[in-house]
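Below is one structure, written out as structure tokens, with a few remarks after it.
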Amino acid sequence: MNMKNELGRAVYKALQRLDIPMNDQAAISKNAFKIEYPENPEHGDFSCNVAMVFAKGLKSAPKVLAEKIVTELEKDLTSDLNFVESISVAGLGFINFKIKDRVFAEKILEIVHGGAEYGWGNSGAQKKVIVEYTDPNIFKVFHIGHLMSNAIGESLSRLIQGSGSHVTRLCYPSDIGLHIAKSIWAMKKHADEIPADDSSSHKKTDFLGKMYVEGTNSYEPDNSGKSAKSEIDELNRVIYEKNSAEVNALYEKGRKWSLEHFESLYATLGTKFDENIYESEMAPQGLQIVKSHIGKVFQESEGAVVFKGEEHALHTRVFISSQGLPTYEAKELGLNVTKFKKYPDTNESIIITANEQNEYFKVVLKSLSMIDNNVASRTKHIGHGMLRFASGKMSSRTGNVVTAEALISDIKNLVMEKISDRDFSATEKDEIAEVVAIGAIKYTILRQAIGSDVIFDSSASISFEGDSGPYLQYAAVRAGAILEKVKIGESKVKNQTKTLPENVSLLEKLITRFPDLVERARNEYAPQRIANYLITLAGAFNSYYASNKIIDDQDPLSSYRINLTQAFLTTMTNGLWLLGIKVPKKM
RNA sequence: GCCCCCGUAGUUCAAUGGAUAGAACAGUUCCGUCCUAAGGAAUAGAUGUCAGUUCGAUUCUGGCCGGGGGCACCA
């Protein structure tokens, strides 16, 4: 039973019985009135604004109308609304519902009985969704921007799975373009310094990173005005045409190193892509799509093929360069059409990138809508903010870049320090530190709305207290430790007859809201809703823990409290899973 | 110049057109015989500005001020 839906239905029926004219059909169908969770617990467990919405049309005072509706609703207290304790009118005309405490307590037992699947819905059942995210560039470092895209994309994927849909995770690595020519140009210059294939991953990616920076610097004129621009541009063509064995070998080497490095990072971060689609593979198709729509969608201009965005209140972008090469825009078209060819029954295709590409995507998707509206109308771009430090925007071009690896290792060291005096083995410490570090980083990214920048404080450290990932993990570990104790110790307490409490706390109420929240977070593409909820939930549990002894042979309520602890742990574990955060065994 | 996004406690972030705008950090206090103190309890502190729409605006509209991003062959 979903209490929120039941209440909505009851209010709707009451309106009908009262013969309240609902002539504004549009408003009704769009849920003109809402059943909400009031922020202030004194306002009950649910509230409804229906009287305020309809008062004006009926030329009645909201409070008077509210009283009428309440009188009508009270007739249901012994039938449909038998889970409701009382209904009252408050404030300007809100109708507040107080639910019987016993109902919450019983729900907790139901949740425990239901097992580990608590929270997953089926509103998205039968739907197939593609999520594309992370999109790193081979030969370039995997930086914290990619980490951000990964954290957000993974969490959205899980939210969509949590609503019952099938998700395909796609990654679109860039494996072609000027950035690679720059790197290979420098590699040729430093041929004798190239690490062996069996060197450490760190050594190889470090080398590639340096080559990219050197190539980029050499591309720009130095003090005397000289640059390697023409050499690198020529090399770019050679790479594209694949007609030099030497260059091909360097390309394949760097590509392999990069992709191996990415795979190991995905494993650490907890992402498993179903497929990589490479940018180079999209070039022929992109080119073909654009060429076949010249005159209709695109037009030639200054030797290039462009889309005139101004006609659609956007800006103009080049899709085929004057050299006849497809730009990123053309390849993007190829990619999105390819997605629907490979996964034909897709209902929704989501692309996660940094928000500096927001305008770019508007142009590309507009042109796509004129080519294949079936694809375009199901494709959605979501732009995320940048990860910023006090020093400003990071750049992989100048080498002033924070790699994902470096950030993870820095945070991991902080955790190591914190647990140095704990009685864990070295292996355990390492595992814990990694899980906690990833949790801290992901939480920092996911706690706020997706579009805006995430600011790391100047000391580049992450707090492990309060509003943080480790705070959530700690609450879960604590609950787990208690349940472990019950299992190890005598099961006397567990087997006692089930006595339910007279009054329930905020903890029970929050736990029962979880499925509703998952659905909402999914519909709004808003992982921060989950993050926010979990902080409140953890606080409620910690508070409960501080004022109640859970395992107590003498207390008949102990059995209930253990069940409550289990329900909390399931909810917290599943909530953290939605954020892509694991719960360590100890910490 | 044109287009897009954003201005909320000292700081970093929340808030479904709704009731007394929530947290956390930093500040000031308190809690250690008791299941993990990475914890709990208390306290103080905010909607850039001027209009408009609305029964009701942090939320919607417009102006101003301030910040960020984008705008032709990079990805």
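FYI, nothing fancy with the structure tokens labels: chains A, B, ... in order, residues from 1 per chain, ligands from 1 as they appear.
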Report as a tab-separated table the residues of chain B within 7 Å of chain A, each with its shortest atom pair and distance in Å (one decimal), using only C-alpha atoms (C1' of nucleotides), ordered by chain and increasing residue number.
residue	atom	partner	partner_atom	distance
B:C4	C1'	A:Glu359	CA	7.0
B:C13	C1'	A:Gln448	CA	6.3
B:A19	C1'	A:Gly91	CA	5.9
B:A24	C1'	A:Asp467	CA	4.8
B:C35	C1'	A:Ile482	CA	5.7
B:U36	C1'	A:Arg478	CA	6.0
B:A38	C1'	A:Glu465	CA	5.9
B:G39	C1'	A:Asn542	CA	6.9
B:G40	C1'	A:Ala546	CA	5.8
B:G69	C1'	A:Glu356	CA	5.6
B:G70	C1'	A:Glu359	CA	6.1
B:C71	C1'	A:His315	CA	6.3
B:A72	C1'	A:Val318	CA	5.6
B:C73	C1'	A:Ser321	CA	4.6
B:A75	C1'	A:Tyr328	CA	6.6
Deliver the residues from the most recent selection as a file, using C-alpha atoms (C1' of nucleotides), as a short mmCIF file (atom, residue, chain, number, x, y, z; two decimals), in the first residue's frame.
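Contents of part_6.cif, freshly written:
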data_model
loop_
_atom_site.label_atom_id
_atom_site.label_comp_id
_atom_site.auth_asym_id
_atom_site.auth_seq_id
_atom_site.Cartn_x
_atom_site.Cartn_y
_atom_site.Cartn_z
"C1'" C B 4 22.62 30.34 -22.25
"C1'" C B 13 25.38 23.29 -0.52
"C1'" A B 19 2.97 26.77 6.75
"C1'" A B 24 27.07 20.67 7.12
"C1'" C B 35 25.74 -1.95 20.88
"C1'" U B 36 31.96 1.89 16.61
"C1'" A B 38 33.92 9.49 11.43
"C1'" G B 39 28.65 10.21 16.81
"C1'" G B 40 24.62 12.86 19.75
"C1'" G B 69 29.91 29.43 -19.93
"C1'" G B 70 29.21 29.56 -25.30
"C1'" C B 71 29.34 32.07 -30.20
"C1'" A B 72 33.00 28.79 -37.93
"C1'" C B 73 36.33 24.79 -39.36
"C1'" A B 75 37.06 17.89 -28.77
#
Inset, instruction - List every residue of range 336-585 of chain A that DSSP, applied to the backbone, labels as alpha helix (DSSP H), and write the result as a VMD selection string. - result: chain A and resid 336 to 342 358 to 371 373 to 378 404 to 418 426 to 446 469 to 488 492 to 495 506 to 523 527 to 547 558 to 578
Legend entry - Within 8 Å of range 196-209 of chain A using only C-alpha atoms (C1' of nucleotides), minus same-chain residues under 4 positions, as a VMD selection string: chain A and resid 139 to 141 183 213 254 257 to 258 261 399
Export of the given selection (N, CA and C atoms) as a short mmCIF file (atom, residue, chain, number, x, y, z; two decimals), in the first residue's frame:
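Dumped everything to result.cif:
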data_model
loop_
_atom_site.label_atom_id
_atom_site.label_comp_id
_atom_site.auth_asym_id
_atom_site.auth_seq_id
_atom_site.Cartn_x
_atom_site.Cartn_y
_atom_site.Cartn_z
N PHE A 139 45.33 9.15 -24.97
CA PHE A 139 46.57 9.94 -24.96
C PHE A 139 46.51 11.10 -23.96
N LYS A 140 45.33 11.45 -23.50
CA LYS A 140 45.25 12.55 -22.51
C LYS A 140 44.96 11.96 -21.15
N VAL A 141 45.25 12.72 -20.11
CA VAL A 141 45.02 12.20 -18.76
C VAL A 141 43.51 12.11 -18.48
N SER A 183 50.45 14.68 -29.28
CA SER A 183 51.13 13.71 -28.42
C SER A 183 52.12 12.87 -29.21
N VAL A 213 51.36 17.58 -23.22
CA VAL A 213 51.66 18.95 -22.82
C VAL A 213 52.75 19.54 -23.71
N GLY A 254 49.94 3.97 -27.65
CA GLY A 254 49.32 4.95 -26.75
C GLY A 254 47.85 4.63 -26.51
N TRP A 257 47.58 1.72 -24.01
CA TRP A 257 47.90 2.15 -22.65
C TRP A 257 46.75 2.95 -22.04
N SER A 258 46.24 3.87 -22.82
CA SER A 258 45.15 4.72 -22.31
C SER A 258 43.93 3.88 -21.94
N HIS A 261 44.35 1.86 -18.86
CA HIS A 261 44.28 2.75 -17.70
C HIS A 261 42.83 3.11 -17.36
N GLY A 399 48.92 21.33 -18.50
CA GLY A 399 49.53 20.41 -17.55
C GLY A 399 49.10 20.74 -16.14
#
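One distance worth recording is that between CA of Glu154 in chain A and CA of Leu579 in chain A, which is 7.7 Å.
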Inset, instruction - Between A:Ser165, A:Thr571, A:Ser425, A:Thr216, single out the one closest to Ile108 in chain A, counting only C-alpha atoms. - result: A:Thr571
Selection: 12 Å around Pro501 in chain A, only C-alpha atoms (C1' of nucleotides), excl. self and same-chain fewer than 5 positions, as a PDB file with N, CA and C atoms, in the first residue's frame:
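around.pdb, freshly written:
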ATOM      1  N   LYS A 100      -1.346   6.585  11.822  1.00  0.00           N
ATOM      2  CA  LYS A 100      -1.192   5.816  13.053  1.00  0.00           C
ATOM      3  C   LYS A 100       0.244   5.317  13.193  1.00  0.00           C
ATOM      4  N   ASP A 101       0.818   5.489  14.343  1.00  0.00           N
ATOM      5  CA  ASP A 101       2.198   5.058  14.555  1.00  0.00           C
ATOM      6  C   ASP A 101       2.376   3.574  14.270  1.00  0.00           C
ATOM      7  N   ARG A 102       1.365   2.825  14.645  1.00  0.00           N
ATOM      8  CA  ARG A 102       1.428   1.384  14.464  1.00  0.00           C
ATOM      9  C   ARG A 102       1.620   0.992  12.986  1.00  0.00           C
ATOM     10  N   VAL A 103       1.028   1.797  12.100  1.00  0.00           N
ATOM     11  CA  VAL A 103       1.147   1.525  10.667  1.00  0.00           C
ATOM     12  C   VAL A 103       2.606   1.623  10.230  1.00  0.00           C
ATOM     13  N   PHE A 104       3.305   2.636  10.742  1.00  0.00           N
ATOM     14  CA  PHE A 104       4.726   2.784  10.403  1.00  0.00           C
ATOM     15  C   PHE A 104       5.536   1.606  10.942  1.00  0.00           C
ATOM     16  N   ALA A 105       5.246   1.230  12.181  1.00  0.00           N
ATOM     17  CA  ALA A 105       5.989   0.130  12.793  1.00  0.00           C
ATOM     18  C   ALA A 105       5.778  -1.164  12.013  1.00  0.00           C
ATOM     19  N   GLU A 106       4.541  -1.378  11.586  1.00  0.00           N
ATOM     20  CA  GLU A 106       4.253  -2.588  10.802  1.00  0.00           C
ATOM     21  C   GLU A 106       4.953  -2.553   9.450  1.00  0.00           C
ATOM     22  N   ILE A 108       7.781  -1.221   8.861  1.00  0.00           N
ATOM     23  CA  ILE A 108       9.199  -1.547   9.082  1.00  0.00           C
ATOM     24  C   ILE A 108       9.392  -3.059   9.050  1.00  0.00           C
ATOM     25  N   GLU A 508      11.556   5.801  11.363  1.00  0.00           N
ATOM     26  CA  GLU A 508      10.588   4.937  10.683  1.00  0.00           C
ATOM     27  C   GLU A 508       9.920   5.666   9.523  1.00  0.00           C
ATOM     28  N   ASP A 555      14.566  -5.738  27.455  1.00  0.00           N
ATOM     29  CA  ASP A 555      13.577  -4.845  26.860  1.00  0.00           C
ATOM     30  C   ASP A 555      12.766  -5.557  25.785  1.00  0.00           C
ATOM     31  N   PRO A 556      11.453  -5.641  25.962  1.00  0.00           N
ATOM     32  CA  PRO A 556      10.624  -6.326  24.966  1.00  0.00           C
ATOM     33  C   PRO A 556      10.644  -5.646  23.594  1.00  0.00           C
ATOM     34  N   LEU A 557      11.037  -4.380  23.567  1.00  0.00           N
ATOM     35  CA  LEU A 557      11.073  -3.677  22.290  1.00  0.00           C
ATOM     36  C   LEU A 557      12.342  -3.952  21.489  1.00  0.00           C
ATOM     37  N   SER A 558      13.282  -4.660  22.135  1.00  0.00           N
ATOM     38  CA  SER A 558      14.577  -4.864  21.491  1.00  0.00           C
ATOM     39  C   SER A 558      14.439  -5.528  20.121  1.00  0.00           C
ATOM     40  N   SER A 559      13.562  -6.491  20.047  1.00  0.00           N
ATOM     41  CA  SER A 559      13.372  -7.192  18.779  1.00  0.00           C
ATOM     42  C   SER A 559      12.937  -6.225  17.678  1.00  0.00           C
ATOM     43  N   TYR A 560      12.018  -5.356  18.037  1.00  0.00           N
ATOM     44  CA  TYR A 560      11.563  -4.360  17.059  1.00  0.00           C
ATOM     45  C   TYR A 560      12.726  -3.457  16.643  1.00  0.00           C
ATOM     46  N   ARG A 561      13.515  -3.070  17.626  1.00  0.00           N
ATOM     47  CA  ARG A 561      14.623  -2.143  17.328  1.00  0.00           C
ATOM     48  C   ARG A 561      15.646  -2.789  16.407  1.00  0.00           C
ATOM     49  N   LEU A 564      14.228  -2.603  13.071  1.00  0.00           N
ATOM     50  CA  LEU A 564      14.334  -1.229  12.586  1.00  0.00           C
ATOM     51  C   LEU A 564      15.751  -0.957  12.077  1.00  0.00           C
TER      52      LEU A 564
END
